[in-house]
Amino acid sequence: MLATPALAALVEAFANTLDVDEVTDALATPEELAAWLREYEELDAPDAISPEAHRDYLALRAGLREEMGARVGDVPDPALLAAADEALAAHPVAVSVTGALRPAPGTPADRLPLTRLAIAWSSLVATGDAARLKRCAEHTCAWVFWDVSKNRSRRWCSMQVCGNRNKSRTYAARRRGQGG
């Protein structure tokens with residue numbers, strides 16, 4: 001089984017702070033976001049998050065989730081992608097001669113973790129690993145998962161639950177269409 005790289009696990013965890021099935025958002029407030037960020041030492045979480053920075057984190061998360069949904073055939077919302085790009089434009093990245101990316105000097109403390117999340121995503125895109133991060137095709141779930149299939153064709157977070165729901169609905173619709 002293909003292990004999830006650390007950067008992918010971080011982006012996956014960030015995206016899954018929104019639980020569509022349970023209708024919960026672990027980042028609903030700046031305080032909740034700061035608490036979540038503290039769980040990840042590599043992000044160097046600040047003590048507090050400004051409301052403006054909080055909006056940028058939520059925009060990035062929404063944009064990432066849209067991008068990952070496109071990998072299972074969903075059409076991404078261009079407004080959410082644009083909002084994520086706009087949020088990222090305010091977070092410059094410095095590149096070293098070794099190719100390492102890091103937040104630009106002077107980045108405010110409450111925006112450093114966001115820049116590091118963006119760098120993690122960019123690194124995954126550059127290596128091609130981002131293609132394995134997908135949002136479940138079952139819209140009542142929409143959980144982000146790491147696709148371990150050999151040919152990167154998995155569409156559901158769980159075949160036993162979400163895949164089965166989808167296939168059962170498809171079968172029932174087909175039966176109704178045949179008058180049976």
# chains A, B, ... in the order shown; residues from 1 in each chain; ligands from 1
call {"tool": "select_by_dssp", "arguments": {"residues": "range 52-154 of chain A", "states": "strand (DSSP E)", "output": "list in words"}}
result
Val93, Ala94, Val95, Leu101, Arg102, Pro103, Leu133, Lys134, Arg135, Val144, Phe145 and Trp146 of chain A
call {"tool": "closest_atom_pairs", "arguments": {"of": "range 111-130 of chain A", "to": "range 26-49 of chain A", "cutoff": "10 Å", "atoms": "only C-alpha atoms", "output": "JSON lines"}}
result
{"residue": "A:Arg111", "atom": "CA", "partner": "A:Ile49", "partner_atom": "CA", "distance": 8.0}
{"residue": "A:Leu112", "atom": "CA", "partner": "A:Leu43", "partner_atom": "CA", "distance": 7.3}
{"residue": "A:Pro113", "atom": "CA", "partner": "A:Leu43", "partner_atom": "CA", "distance": 4.8}
{"residue": "A:Leu114", "atom": "CA", "partner": "A:Leu43", "partner_atom": "CA", "distance": 8.3}
{"residue": "A:Thr115", "atom": "CA", "partner": "A:Leu43", "partner_atom": "CA", "distance": 9.1}
{"residue": "A:Arg116", "atom": "CA", "partner": "A:Leu43", "partner_atom": "CA", "distance": 6.5}
{"residue": "A:Leu117", "atom": "CA", "partner": "A:Leu43", "partner_atom": "CA", "distance": 7.9}
call {"tool": "select_by_dssp", "arguments": {"residues": "range 11-136 of chain A", "states": "helix (DSSP H, G or I)", "output": "JSON, numbers by chain"}}
result
{"A": [11, 12, 13, 14, 15, 30, 31, 32, 33, 34, 35, 36, 37, 38, 41, 42, 43, 51, 52, 53, 54, 55, 56, 57, 58, 59, 60, 61, 62, 63, 64, 65, 66, 67, 68, 69, 70, 78, 79, 80, 81, 82, 83, 84, 85, 86, 87, 88, 89, 109, 110, 111, 112, 113, 114, 115, 116, 117, 118, 119, 120, 121, 122, 123, 124, 125, 126, 127, 129, 130, 131, 132]}
call {"tool": "closest_residue", "arguments": {"among": "A:Pro78, A:Thr98, A:Cys157, A:Thr4", "to": "Ala62 in chain A", "atoms": "only C-alpha atoms"}}
result
A:Pro78
call {"tool": "atom_distance", "arguments": {"atom1": "CA of Ala79 in chain A", "atom2": "CA of Arg152 in chain A"}}
result
27.2 Å
call {"tool": "atom_distance", "arguments": {"atom1": "CA of Arg132 in chain A", "atom2": "CA of Asn16 in chain A"}}
result
15.1 Å
call {"tool": "closest_residue", "arguments": {"among": "A:Ala90, A:Ser122, A:Ser50, A:Val75", "to": "Ala109 in chain A", "atoms": "only C-alpha atoms"}}
result
A:Ser50
call {"tool": "residues_around", "arguments": {"residues": "Ala120 in chain A", "least_positions_apart": "4", "cutoff": "12 Å", "atoms": "only C-alpha atoms", "output": "count of residues only"}}
result
27
call {"tool": "atom_distance", "arguments": {"atom1": "CA of Glu67 in chain A", "atom2": "CA of Asp85 in chain A"}}
result
11.6 Å
call {"tool": "residues_around", "arguments": {"residues": "Ala59 in chain A", "least_positions_apart": "6", "cutoff": "8 Å", "atoms": "only C-alpha atoms", "output": "PyMOL selection string"}}
result
chain A and resi 80+83-84+87
call {"tool": "residues_around", "arguments": {"residues": "Glu22 in chain A", "least_positions_apart": "4", "cutoff": "12 Å", "atoms": "only C-alpha atoms", "output": "PyMOL selection string"}}
result
chain A and resi 16-18+26+140-143
call {"tool": "residues_around", "arguments": {"residues": "His139 in chain A", "least_positions_apart": "5", "cutoff": "10 Å", "atoms": "only C-alpha atoms", "output": "PyMOL selection string"}}
result
chain A and resi 20-21+69+74+156+162+166
call {"tool": "write_last_selection", "arguments": {"atoms": "N, CA, C and O atoms", "output": "compact mmCIF listing (two decimals), in the first residue's frame"}}
result
# COMPACT_ATOMS: atom_id res chain seq x y z
N VAL A 20 -18.54 17.56 5.74
CA VAL A 20 -19.84 17.74 5.10
C VAL A 20 -20.88 16.79 5.69
O VAL A 20 -22.02 17.19 5.95
N ASP A 21 -20.49 15.56 5.93
CA ASP A 21 -21.40 14.55 6.46
C ASP A 21 -21.90 14.91 7.86
O ASP A 21 -23.09 14.82 8.16
N GLY A 69 -11.80 17.98 -5.79
CA GLY A 69 -13.05 17.46 -6.33
C GLY A 69 -12.99 17.29 -7.84
O GLY A 69 -13.59 16.37 -8.40
N ASP A 74 -15.80 16.25 -10.65
CA ASP A 74 -16.64 17.40 -10.32
C ASP A 74 -16.13 18.64 -11.06
O ASP A 74 -14.94 18.75 -11.35
N TRP A 156 -13.92 7.20 -4.42
CA TRP A 156 -14.60 7.33 -3.15
C TRP A 156 -13.61 7.13 -2.01
O TRP A 156 -12.67 6.34 -2.11
N CYS A 162 -19.17 4.85 0.78
CA CYS A 162 -19.55 5.83 -0.24
C CYS A 162 -19.69 5.21 -1.63
O CYS A 162 -20.62 5.53 -2.36
N ASN A 166 -23.23 5.04 -3.85
CA ASN A 166 -23.31 5.53 -5.22
C ASN A 166 -23.76 4.44 -6.17
O ASN A 166 -24.65 4.66 -7.00
